[in-house]
>>> print(open('run-v1.txt').read())   # compact mmCIF, N, CA and C atoms
# COMPACT_ATOMS: atom_id res chain seq x y z
N MET F 23 29.19 -46.38 -34.82
CA MET F 23 28.43 -46.95 -33.74
C MET F 23 28.63 -46.09 -32.50
N HIS F 24 27.56 -45.95 -31.74
CA HIS F 24 27.60 -45.17 -30.51
C HIS F 24 27.19 -46.10 -29.36
N ILE F 25 28.10 -46.27 -28.39
CA ILE F 25 27.86 -47.17 -27.27
C ILE F 25 27.73 -46.36 -25.99
N GLY F 26 26.66 -46.61 -25.25
CA GLY F 26 26.44 -46.01 -23.94
C GLY F 26 26.87 -46.98 -22.86
N ILE F 27 27.46 -46.45 -21.79
CA ILE F 27 27.99 -47.30 -20.72
C ILE F 27 27.61 -46.70 -19.37
N ASP F 28 27.15 -47.55 -18.45
CA ASP F 28 26.98 -47.14 -17.06
C ASP F 28 28.34 -47.29 -16.41
N GLY F 29 29.01 -46.18 -16.15
CA GLY F 29 30.38 -46.22 -15.62
C GLY F 29 30.48 -46.04 -14.12
N ASN F 30 29.37 -46.12 -13.41
CA ASN F 30 29.37 -45.84 -11.98
C ASN F 30 30.20 -46.81 -11.16
N GLU F 31 30.30 -48.05 -11.58
CA GLU F 31 31.11 -49.02 -10.82
C GLU F 31 32.58 -48.61 -10.76
N ALA F 32 33.07 -47.92 -11.78
CA ALA F 32 34.46 -47.47 -11.80
C ALA F 32 34.64 -46.10 -11.18
N ASN F 33 33.57 -45.40 -10.96
CA ASN F 33 33.65 -44.02 -10.44
C ASN F 33 33.55 -44.03 -8.91
N VAL F 34 34.44 -44.79 -8.30
CA VAL F 34 34.49 -44.93 -6.85
C VAL F 34 35.92 -44.64 -6.38
N ASP F 35 36.06 -44.40 -5.07
CA ASP F 35 37.39 -44.10 -4.53
C ASP F 35 38.28 -45.33 -4.43
N LYS F 36 37.70 -46.47 -4.06
CA LYS F 36 38.49 -47.69 -3.91
C LYS F 36 38.03 -48.72 -4.94
N LEU F 37 38.92 -49.06 -5.87
CA LEU F 37 38.59 -50.02 -6.92
C LEU F 37 38.82 -51.44 -6.46
N VAL F 38 37.75 -52.23 -6.43
CA VAL F 38 37.83 -53.66 -6.11
C VAL F 38 36.81 -54.39 -6.97
N GLY F 39 37.10 -55.65 -7.30
CA GLY F 39 36.14 -56.50 -8.01
C GLY F 39 35.62 -55.89 -9.31
N VAL F 40 34.30 -55.73 -9.40
CA VAL F 40 33.68 -55.22 -10.62
C VAL F 40 34.12 -53.79 -10.92
N SER F 41 34.58 -53.07 -9.91
CA SER F 41 35.10 -51.71 -10.15
C SER F 41 36.38 -51.75 -10.97
N VAL F 42 37.26 -52.70 -10.67
CA VAL F 42 38.49 -52.87 -11.44
C VAL F 42 38.16 -53.29 -12.87
N TYR F 43 37.24 -54.24 -12.99
CA TYR F 43 36.79 -54.71 -14.31
C TYR F 43 36.26 -53.55 -15.14
N THR F 44 35.39 -52.73 -14.56
CA THR F 44 34.79 -51.61 -15.28
C THR F 44 35.84 -50.56 -15.63
N GLN F 45 36.75 -50.28 -14.71
CA GLN F 45 37.84 -49.33 -14.97
C GLN F 45 38.67 -49.79 -16.16
N ASN F 46 39.02 -51.07 -16.20
CA ASN F 46 39.82 -51.60 -17.30
C ASN F 46 39.06 -51.54 -18.62
N LEU F 47 37.78 -51.85 -18.59
CA LEU F 47 36.96 -51.74 -19.81
C LEU F 47 36.95 -50.30 -20.32
N LEU F 48 36.71 -49.34 -19.42
CA LEU F 48 36.67 -47.94 -19.84
C LEU F 48 38.00 -47.49 -20.44
N THR F 49 39.09 -47.95 -19.86
CA THR F 49 40.41 -47.61 -20.38
C THR F 49 40.59 -48.13 -21.80
N GLN F 50 40.18 -49.37 -22.04
CA GLN F 50 40.30 -49.96 -23.38
C GLN F 50 39.33 -49.30 -24.36
N PHE F 51 38.12 -49.01 -23.90
CA PHE F 51 37.14 -48.34 -24.77
C PHE F 51 37.66 -46.96 -25.19
N GLN F 52 38.27 -46.25 -24.26
CA GLN F 52 38.79 -44.91 -24.57
C GLN F 52 39.89 -45.01 -25.62
N LYS F 53 40.72 -46.05 -25.56
CA LYS F 53 41.78 -46.25 -26.55
C LYS F 53 41.22 -46.57 -27.93
N LYS F 54 40.09 -47.27 -27.98
CA LYS F 54 39.48 -47.69 -29.25
C LYS F 54 38.54 -46.64 -29.84
N ALA F 55 38.20 -45.63 -29.07
CA ALA F 55 37.24 -44.63 -29.54
C ALA F 55 37.76 -43.91 -30.79
N SER F 56 36.85 -43.68 -31.71
CA SER F 56 37.18 -42.98 -32.96
C SER F 56 35.91 -42.32 -33.49
N SER F 57 36.00 -41.70 -34.62
CA SER F 57 34.81 -41.05 -35.19
C SER F 57 33.75 -42.09 -35.57
N ASN F 58 34.17 -43.32 -35.83
CA ASN F 58 33.23 -44.39 -36.17
C ASN F 58 32.77 -45.21 -34.97
N LEU F 59 33.45 -45.05 -33.83
CA LEU F 59 33.12 -45.81 -32.62
C LEU F 59 33.17 -44.85 -31.43
N ARG F 60 31.99 -44.34 -31.07
CA ARG F 60 31.90 -43.35 -30.00
C ARG F 60 31.34 -43.98 -28.72
N PHE F 61 31.77 -43.43 -27.59
CA PHE F 61 31.33 -43.91 -26.28
C PHE F 61 30.83 -42.74 -25.45
N THR F 62 29.70 -42.96 -24.77
CA THR F 62 29.21 -42.01 -23.78
C THR F 62 29.07 -42.78 -22.49
N VAL F 63 29.78 -42.32 -21.46
CA VAL F 63 29.77 -42.97 -20.16
C VAL F 63 28.86 -42.16 -19.24
N PHE F 64 27.84 -42.82 -18.72
CA PHE F 64 26.87 -42.15 -17.85
C PHE F 64 27.26 -42.36 -16.39
N LEU F 65 27.31 -41.26 -15.64
CA LEU F 65 27.73 -41.28 -14.24
C LEU F 65 26.74 -40.52 -13.37
N ARG F 66 26.69 -40.89 -12.08
CA ARG F 66 25.86 -40.18 -11.10
C ARG F 66 26.54 -38.92 -10.59
N ALA F 67 27.88 -38.92 -10.59
CA ALA F 67 28.67 -37.82 -10.05
C ALA F 67 29.83 -37.54 -11.00
N PRO F 68 30.45 -36.37 -10.89
CA PRO F 68 31.59 -36.08 -11.76
C PRO F 68 32.66 -37.17 -11.68
N GLU F 69 33.32 -37.38 -12.81
CA GLU F 69 34.29 -38.46 -12.91
C GLU F 69 35.47 -38.25 -11.97
N LYS F 70 35.94 -39.38 -11.40
CA LYS F 70 37.11 -39.37 -10.53
C LYS F 70 38.36 -39.24 -11.41
N LYS F 71 39.45 -38.82 -10.79
CA LYS F 71 40.69 -38.56 -11.53
C LYS F 71 41.29 -39.80 -12.18
N HIS F 72 40.99 -41.00 -11.66
CA HIS F 72 41.59 -42.21 -12.22
C HIS F 72 40.88 -42.71 -13.48
N LEU F 73 39.73 -42.14 -13.81
CA LEU F 73 39.02 -42.57 -15.02
C LEU F 73 39.73 -42.01 -16.25
N PRO F 74 39.59 -42.69 -17.39
CA PRO F 74 40.22 -42.21 -18.62
C PRO F 74 39.75 -40.80 -18.98
N LYS F 75 40.61 -40.04 -19.59
CA LYS F 75 40.29 -38.67 -19.99
C LYS F 75 39.30 -38.66 -21.15
N GLU F 76 38.48 -37.63 -21.18
CA GLU F 76 37.55 -37.45 -22.30
C GLU F 76 38.31 -37.14 -23.58
N THR F 77 37.76 -37.59 -24.68
CA THR F 77 38.27 -37.24 -26.00
C THR F 77 37.05 -36.85 -26.84
N ALA F 78 37.27 -36.56 -28.09
CA ALA F 78 36.15 -36.19 -28.97
C ALA F 78 35.15 -37.34 -29.12
N SER F 79 35.62 -38.57 -28.98
CA SER F 79 34.75 -39.74 -29.18
C SER F 79 34.50 -40.54 -27.91
N PHE F 80 34.99 -40.04 -26.78
CA PHE F 80 34.80 -40.71 -25.48
C PHE F 80 34.41 -39.64 -24.48
N LYS F 81 33.12 -39.59 -24.15
CA LYS F 81 32.58 -38.51 -23.32
C LYS F 81 31.91 -39.05 -22.06
N TYR F 82 31.89 -38.19 -21.04
CA TYR F 82 31.15 -38.48 -19.82
C TYR F 82 29.89 -37.61 -19.79
N HIS F 83 28.83 -38.18 -19.26
CA HIS F 83 27.57 -37.44 -19.09
C HIS F 83 27.10 -37.66 -17.66
N ILE F 84 27.03 -36.58 -16.89
CA ILE F 84 26.58 -36.67 -15.50
C ILE F 84 25.06 -36.62 -15.51
N VAL F 85 24.45 -37.63 -14.90
CA VAL F 85 23.00 -37.75 -14.85
C VAL F 85 22.54 -37.44 -13.43
N SER F 86 21.61 -36.50 -13.31
CA SER F 86 21.08 -36.20 -11.99
C SER F 86 19.57 -36.05 -12.09
N PRO F 87 18.86 -36.27 -11.05
CA PRO F 87 19.36 -36.64 -9.72
C PRO F 87 19.79 -38.10 -9.69
N SER F 88 20.62 -38.42 -8.71
CA SER F 88 21.13 -39.79 -8.61
C SER F 88 20.16 -40.73 -7.91
N PHE F 89 19.09 -40.19 -7.35
CA PHE F 89 18.07 -41.00 -6.68
C PHE F 89 17.38 -41.90 -7.71
N LEU F 90 17.29 -43.19 -7.42
CA LEU F 90 16.71 -44.18 -8.33
C LEU F 90 17.34 -44.11 -9.72
N PHE F 91 18.66 -43.99 -9.73
CA PHE F 91 19.42 -43.81 -10.96
C PHE F 91 19.11 -44.87 -12.01
N SER F 92 19.28 -46.14 -11.64
CA SER F 92 19.10 -47.24 -12.60
C SER F 92 17.65 -47.45 -13.01
N GLN F 93 16.74 -47.13 -12.11
CA GLN F 93 15.33 -47.42 -12.35
C GLN F 93 14.60 -46.30 -13.09
N ILE F 94 14.97 -45.04 -12.84
CA ILE F 94 14.20 -43.93 -13.42
C ILE F 94 15.09 -42.94 -14.18
N THR F 95 16.07 -42.38 -13.48
CA THR F 95 16.85 -41.27 -14.05
C THR F 95 17.62 -41.66 -15.30
N LEU F 96 18.35 -42.78 -15.24
CA LEU F 96 19.13 -43.20 -16.40
C LEU F 96 18.24 -43.58 -17.59
N PRO F 97 17.18 -44.39 -17.39
CA PRO F 97 16.32 -44.70 -18.53
C PRO F 97 15.72 -43.46 -19.20
N LEU F 98 15.30 -42.48 -18.40
CA LEU F 98 14.75 -41.25 -18.98
C LEU F 98 15.81 -40.49 -19.76
N THR F 99 17.04 -40.49 -19.25
CA THR F 99 18.13 -39.82 -19.96
C THR F 99 18.44 -40.54 -21.27
N LEU F 100 18.45 -41.87 -21.25
CA LEU F 100 18.76 -42.64 -22.46
C LEU F 100 17.73 -42.41 -23.55
N MET F 101 16.51 -42.12 -23.17
CA MET F 101 15.47 -41.85 -24.18
C MET F 101 15.81 -40.61 -25.01
N LYS F 102 16.58 -39.69 -24.45
CA LYS F 102 16.98 -38.47 -25.17
C LYS F 102 18.12 -38.73 -26.15
N TYR F 103 18.85 -39.84 -25.95
CA TYR F 103 19.97 -40.19 -26.82
C TYR F 103 19.48 -41.18 -27.87
N ASP F 104 18.86 -40.71 -28.91
CA ASP F 104 18.31 -41.61 -29.93
C ASP F 104 19.38 -42.20 -30.84
N ASP F 105 20.64 -41.77 -30.69
CA ASP F 105 21.69 -42.31 -31.55
C ASP F 105 22.53 -43.39 -30.87
N ILE F 106 22.21 -43.78 -29.62
CA ILE F 106 22.95 -44.85 -28.95
C ILE F 106 22.47 -46.19 -29.50
N ASP F 107 23.42 -46.96 -30.02
CA ASP F 107 23.12 -48.25 -30.63
C ASP F 107 23.04 -49.38 -29.60
N VAL F 108 23.94 -49.32 -28.62
CA VAL F 108 24.04 -50.37 -27.61
C VAL F 108 24.29 -49.71 -26.27
N PHE F 109 23.67 -50.25 -25.20
CA PHE F 109 23.94 -49.77 -23.86
C PHE F 109 24.49 -50.92 -23.04
N PHE F 110 25.61 -50.67 -22.34
CA PHE F 110 26.26 -51.70 -21.53
C PHE F 110 26.31 -51.25 -20.09
N SER F 111 25.87 -52.13 -19.18
CA SER F 111 25.90 -51.84 -17.75
C SER F 111 26.55 -53.02 -17.03
N PRO F 112 27.84 -52.84 -16.65
CA PRO F 112 28.53 -53.96 -15.98
C PRO F 112 27.97 -54.24 -14.59
>>> encode(input="run-v1.txt", output="structure tokens")
Amino acid sequence: MHIGIDGNEANVDKLVGVSVYTQNLLTQFQKKASSNLRFTVFLRAPEKKHLPKETASFKYHIVSPSFLFSQITLPLTLMKYDDIDVFFSP
């Protein structure tokens, strides 16, 4: 299974509220990632140092431009990933 995630809530300098929730989810997802369970985290900007490290089954994908990210840029990018089974946006 391949899961896509909007990780922008965790890719901030100060983690509060939904940012903490998303950070914790990404940490757990990275621990569970395997050849049978892959994750691609979509971000507007390069990942911050506090985010989990990339592995073979847990990757970051920087999507640009960040203008109208949720409405245009991300959906167009997701159309190129025909192997994503589920997309999660906290």
>>> residues_around(input="run-v1.txt", residues="range 32-40 of chain F", least_positions_apart="3", cutoff="6.5 Å", atoms="only N, CA and C atoms", output="number ranges by chain")
F: 29, 43-45, 69-70
>>> atom_distance(input="run-v1.txt", atom1="atom N of Pro74 in chain F", atom2="atom N of Ser41 in chain F")
13.7 Å
>>> closest_atom_pairs(input="run-v1.txt", of="range 23-61 of chain F", to="range 87-106 of chain F", cutoff="8 Å", atoms="all atoms listed in the file", output="JSON lines")
{"residue": "F:Met23", "atom": "C", "partner": "F:Ile106", "partner_atom": "CA", "distance": 6.8}
{"residue": "F:His24", "atom": "C", "partner": "F:Ile106", "partner_atom": "CA", "distance": 4.4}
{"residue": "F:Ile25", "atom": "N", "partner": "F:Ile106", "partner_atom": "CA", "distance": 5.4}
{"residue": "F:Gly26", "atom": "N", "partner": "F:Ile106", "partner_atom": "CA", "distance": 5.5}
>>> atom_distance(input="run-v1.txt", atom1="CA of Ser56 in chain F", atom2="CA of Ala78 in chain F")
7.9 Å
>>> closest_residue(input="run-v1.txt", among="F:Asn46, F:Lys54, F:Phe109, F:Ala67", to="His83 in chain F", atoms="only N, CA and C atoms")
F:Ala67
>>> closest_residue(input="run-v1.txt", among="F:Ile84, F:Ser57, F:Val63, F:Ser79", to="Pro112 in chain F", atoms="only C-alpha atoms")
F:Val63
>>> atom_distance(input="run-v1.txt", atom1="atom C of Thr77 in chain F", atom2="atom C of Phe51 in chain F")
10.3 Å
>>> residues_around(input="run-v1.txt", residues="Val85 in chain F", least_positions_apart="6", cutoff="6 Å", atoms="all atoms listed in the file", output="PDB file with N, CA and C atoms, keeping the file's coordinate frame")
ATOM      1  N   PHE F  64      27.840 -42.820 -18.720  1.00  0.00           N
ATOM      2  CA  PHE F  64      26.870 -42.150 -17.850  1.00  0.00           C
ATOM      3  C   PHE F  64      27.260 -42.360 -16.390  1.00  0.00           C
ATOM      4  N   LEU F  65      27.310 -41.260 -15.640  1.00  0.00           N
ATOM      5  CA  LEU F  65      27.730 -41.280 -14.240  1.00  0.00           C
ATOM      6  C   LEU F  65      26.740 -40.520 -13.370  1.00  0.00           C
ATOM      7  N   ARG F  66      26.690 -40.890 -12.080  1.00  0.00           N
ATOM      8  CA  ARG F  66      25.860 -40.180 -11.100  1.00  0.00           C
ATOM      9  C   ARG F  66      26.540 -38.920 -10.590  1.00  0.00           C
ATOM     10  N   ALA F  67      27.880 -38.920 -10.590  1.00  0.00           N
ATOM     11  CA  ALA F  67      28.670 -37.820 -10.050  1.00  0.00           C
ATOM     12  C   ALA F  67      29.830 -37.540 -11.000  1.00  0.00           C
TER      13      ALA F  67
END
>>> axis_aligned_box(input="run-v1.txt", around="range 79-88 of chain F", padding_each_side="8 Å", output="JSON")
{"center_x": 27.2, "center_y": -38.4, "center_z": -18.5, "size_x": 32.8, "size_y": 20.7, "size_z": 37.3}
>>> select_by_dssp(input="run-v1.txt", residues="chain F", states="helix (DSSP H, G or I)", output="number ranges by chain")
F: 40-54, 91-102
>>> closest_residue(input="run-v1.txt", among="F:Lys75, F:Ser86, F:Asn30, F:Phe110", to="Thr49 in chain F", atoms="only C-alpha atoms")
F:Lys75
>>> select_by_dssp(input="run-v1.txt", residues="chain F", states="strand (DSSP E)", output="list in words")
His24, Ile25, Gly26, Ile27, Asp28, Arg60, Phe61, Thr62, Val63, Phe64, Leu65, Phe80, Lys81, Tyr82, His83, Ile84, Val108, Phe109 and Phe110 of chain F
>>> write_last_selection(input="run-v1.txt", atoms="N, CA and C atoms", output="short mmCIF file (atom, residue, chain, number, x, y, z; two decimals), keeping the file's coordinate frame")
data_model
loop_
_atom_site.label_atom_id
_atom_site.label_comp_id
_atom_site.auth_asym_id
_atom_site.auth_seq_id
_atom_site.Cartn_x
_atom_site.Cartn_y
_atom_site.Cartn_z
N HIS F 24 27.56 -45.95 -31.74
CA HIS F 24 27.60 -45.17 -30.51
C HIS F 24 27.19 -46.10 -29.36
N ILE F 25 28.10 -46.27 -28.39
CA ILE F 25 27.86 -47.17 -27.27
C ILE F 25 27.73 -46.36 -25.99
N GLY F 26 26.66 -46.61 -25.25
CA GLY F 26 26.44 -46.01 -23.94
C GLY F 26 26.87 -46.98 -22.86
N ILE F 27 27.46 -46.45 -21.79
CA ILE F 27 27.99 -47.30 -20.72
C ILE F 27 27.61 -46.70 -19.37
N ASP F 28 27.15 -47.55 -18.45
CA ASP F 28 26.98 -47.14 -17.06
C ASP F 28 28.34 -47.29 -16.41
N ARG F 60 31.99 -44.34 -31.07
CA ARG F 60 31.90 -43.35 -30.00
C ARG F 60 31.34 -43.98 -28.72
N PHE F 61 31.77 -43.43 -27.59
CA PHE F 61 31.33 -43.91 -26.28
C PHE F 61 30.83 -42.74 -25.45
N THR F 62 29.70 -42.96 -24.77
CA THR F 62 29.21 -42.01 -23.78
C THR F 62 29.07 -42.78 -22.49
N VAL F 63 29.78 -42.32 -21.46
CA VAL F 63 29.77 -42.97 -20.16
C VAL F 63 28.86 -42.16 -19.24
N PHE F 64 27.84 -42.82 -18.72
CA PHE F 64 26.87 -42.15 -17.85
C PHE F 64 27.26 -42.36 -16.39
N LEU F 65 27.31 -41.26 -15.64
CA LEU F 65 27.73 -41.28 -14.24
C LEU F 65 26.74 -40.52 -13.37
N PHE F 80 34.99 -40.04 -26.78
CA PHE F 80 34.80 -40.71 -25.48
C PHE F 80 34.41 -39.64 -24.48
N LYS F 81 33.12 -39.59 -24.15
CA LYS F 81 32.58 -38.51 -23.32
C LYS F 81 31.91 -39.05 -22.06
N TYR F 82 31.89 -38.19 -21.04
CA TYR F 82 31.15 -38.48 -19.82
C TYR F 82 29.89 -37.61 -19.79
N HIS F 83 28.83 -38.18 -19.26
CA HIS F 83 27.57 -37.44 -19.09
C HIS F 83 27.10 -37.66 -17.66
N ILE F 84 27.03 -36.58 -16.89
CA ILE F 84 26.58 -36.67 -15.50
C ILE F 84 25.06 -36.62 -15.51
N VAL F 108 23.94 -49.32 -28.62
CA VAL F 108 24.04 -50.37 -27.61
C VAL F 108 24.29 -49.71 -26.27
N PHE F 109 23.67 -50.25 -25.20
CA PHE F 109 23.94 -49.77 -23.86
C PHE F 109 24.49 -50.92 -23.04
N PHE F 110 25.61 -50.67 -22.34
CA PHE F 110 26.26 -51.70 -21.53
C PHE F 110 26.31 -51.25 -20.09
#
>>> decode(input="run-v1.txt", residues="range 68-90 of chain F", atoms="N, CA and C atoms", output="mmCIF file, in the first residue's frame")
data_model
loop_
_atom_site.group_PDB
_atom_site.id
_atom_site.type_symbol
_atom_site.label_atom_id
_atom_site.label_comp_id
_atom_site.auth_asym_id
_atom_site.auth_seq_id
_atom_site.Cartn_x
_atom_site.Cartn_y
_atom_site.Cartn_z
ATOM 1 N N PRO F 68 11.122 22.624 1.716
ATOM 2 C CA PRO F 68 11.956 21.535 2.232
ATOM 3 C C PRO F 68 11.652 21.233 3.695
ATOM 4 N N GLU F 69 11.782 19.957 4.046
ATOM 5 C CA GLU F 69 11.423 19.514 5.386
ATOM 6 C C GLU F 69 12.305 20.157 6.451
ATOM 7 N N LYS F 70 11.665 20.478 7.588
ATOM 8 C CA LYS F 70 12.372 21.025 8.744
ATOM 9 C C LYS F 70 13.127 19.890 9.430
ATOM 10 N N LYS F 71 14.120 20.259 10.223
ATOM 11 C CA LYS F 71 14.986 19.266 10.865
ATOM 12 C C LYS F 71 14.264 18.363 11.856
ATOM 13 N N HIS F 72 13.132 18.817 12.417
ATOM 14 C CA HIS F 72 12.436 18.006 13.417
ATOM 15 C C HIS F 72 11.553 16.915 12.796
ATOM 16 N N LEU F 73 11.362 16.942 11.490
ATOM 17 C CA LEU F 73 10.551 15.904 10.846
ATOM 18 C C LEU F 73 11.337 14.599 10.781
ATOM 19 N N PRO F 74 10.635 13.463 10.748
ATOM 20 C CA PRO F 74 11.321 12.169 10.667
ATOM 21 C C PRO F 74 12.209 12.090 9.418
ATOM 22 N N LYS F 75 13.280 11.366 9.526
ATOM 23 C CA LYS F 75 14.218 11.202 8.409
ATOM 24 C C LYS F 75 13.613 10.323 7.313
ATOM 25 N N GLU F 76 14.010 10.602 6.094
ATOM 26 C CA GLU F 76 13.572 9.771 4.963
ATOM 27 C C GLU F 76 14.189 8.386 5.064
ATOM 28 N N THR F 77 13.447 7.413 4.594
ATOM 29 C CA THR F 77 13.949 6.048 4.454
ATOM 30 C C THR F 77 13.549 5.576 3.054
ATOM 31 N N ALA F 78 13.839 4.344 2.743
ATOM 32 C CA ALA F 78 13.478 3.813 1.428
ATOM 33 C C ALA F 78 11.963 3.797 1.228
ATOM 34 N N SER F 79 11.209 3.687 2.311
ATOM 35 C CA SER F 79 9.746 3.588 2.215
ATOM 36 C C SER F 79 9.014 4.793 2.792
ATOM 37 N N PHE F 80 9.756 5.813 3.200
ATOM 38 C CA PHE F 80 9.168 7.040 3.758
ATOM 39 C C PHE F 80 9.890 8.217 3.112
ATOM 40 N N LYS F 81 9.227 8.854 2.150
ATOM 41 C CA LYS F 81 9.870 9.900 1.344
ATOM 42 C C LYS F 81 9.117 11.223 1.434
ATOM 43 N N TYR F 82 9.869 12.299 1.213
ATOM 44 C CA TYR F 82 9.284 13.630 1.102
ATOM 45 C C TYR F 82 9.299 14.048 -0.362
ATOM 46 N N HIS F 83 8.261 14.763 -0.754
ATOM 47 C CA HIS F 83 8.190 15.308 -2.115
ATOM 48 C C HIS F 83 7.814 16.783 -1.994
ATOM 49 N N ILE F 84 8.713 17.654 -2.439
ATOM 50 C CA ILE F 84 8.465 19.092 -2.393
ATOM 51 C C ILE F 84 7.659 19.463 -3.626
ATOM 52 N N VAL F 85 6.512 20.100 -3.387
ATOM 53 C CA VAL F 85 5.606 20.484 -4.465
ATOM 54 C C VAL F 85 5.676 22.000 -4.630
ATOM 55 N N SER F 86 5.946 22.441 -5.847
ATOM 56 C CA SER F 86 5.972 23.880 -6.096
ATOM 57 C C SER F 86 5.251 24.164 -7.402
ATOM 58 N N PRO F 87 4.719 25.323 -7.572
ATOM 59 C CA PRO F 87 4.772 26.441 -6.629
ATOM 60 C C PRO F 87 3.805 26.213 -5.473
ATOM 61 N N SER F 88 4.052 26.927 -4.381
ATOM 62 C CA SER F 88 3.206 26.755 -3.196
ATOM 63 C C SER F 88 1.927 27.574 -3.270
ATOM 64 N N PHE F 89 1.808 28.429 -4.269
ATOM 65 C CA PHE F 89 0.605 29.239 -4.451
ATOM 66 C C PHE F 89 -0.582 28.324 -4.774
ATOM 67 N N LEU F 90 -1.684 28.495 -4.056
ATOM 68 C CA LEU F 90 -2.881 27.657 -4.207
ATOM 69 C C LEU F 90 -2.544 26.168 -4.108
#
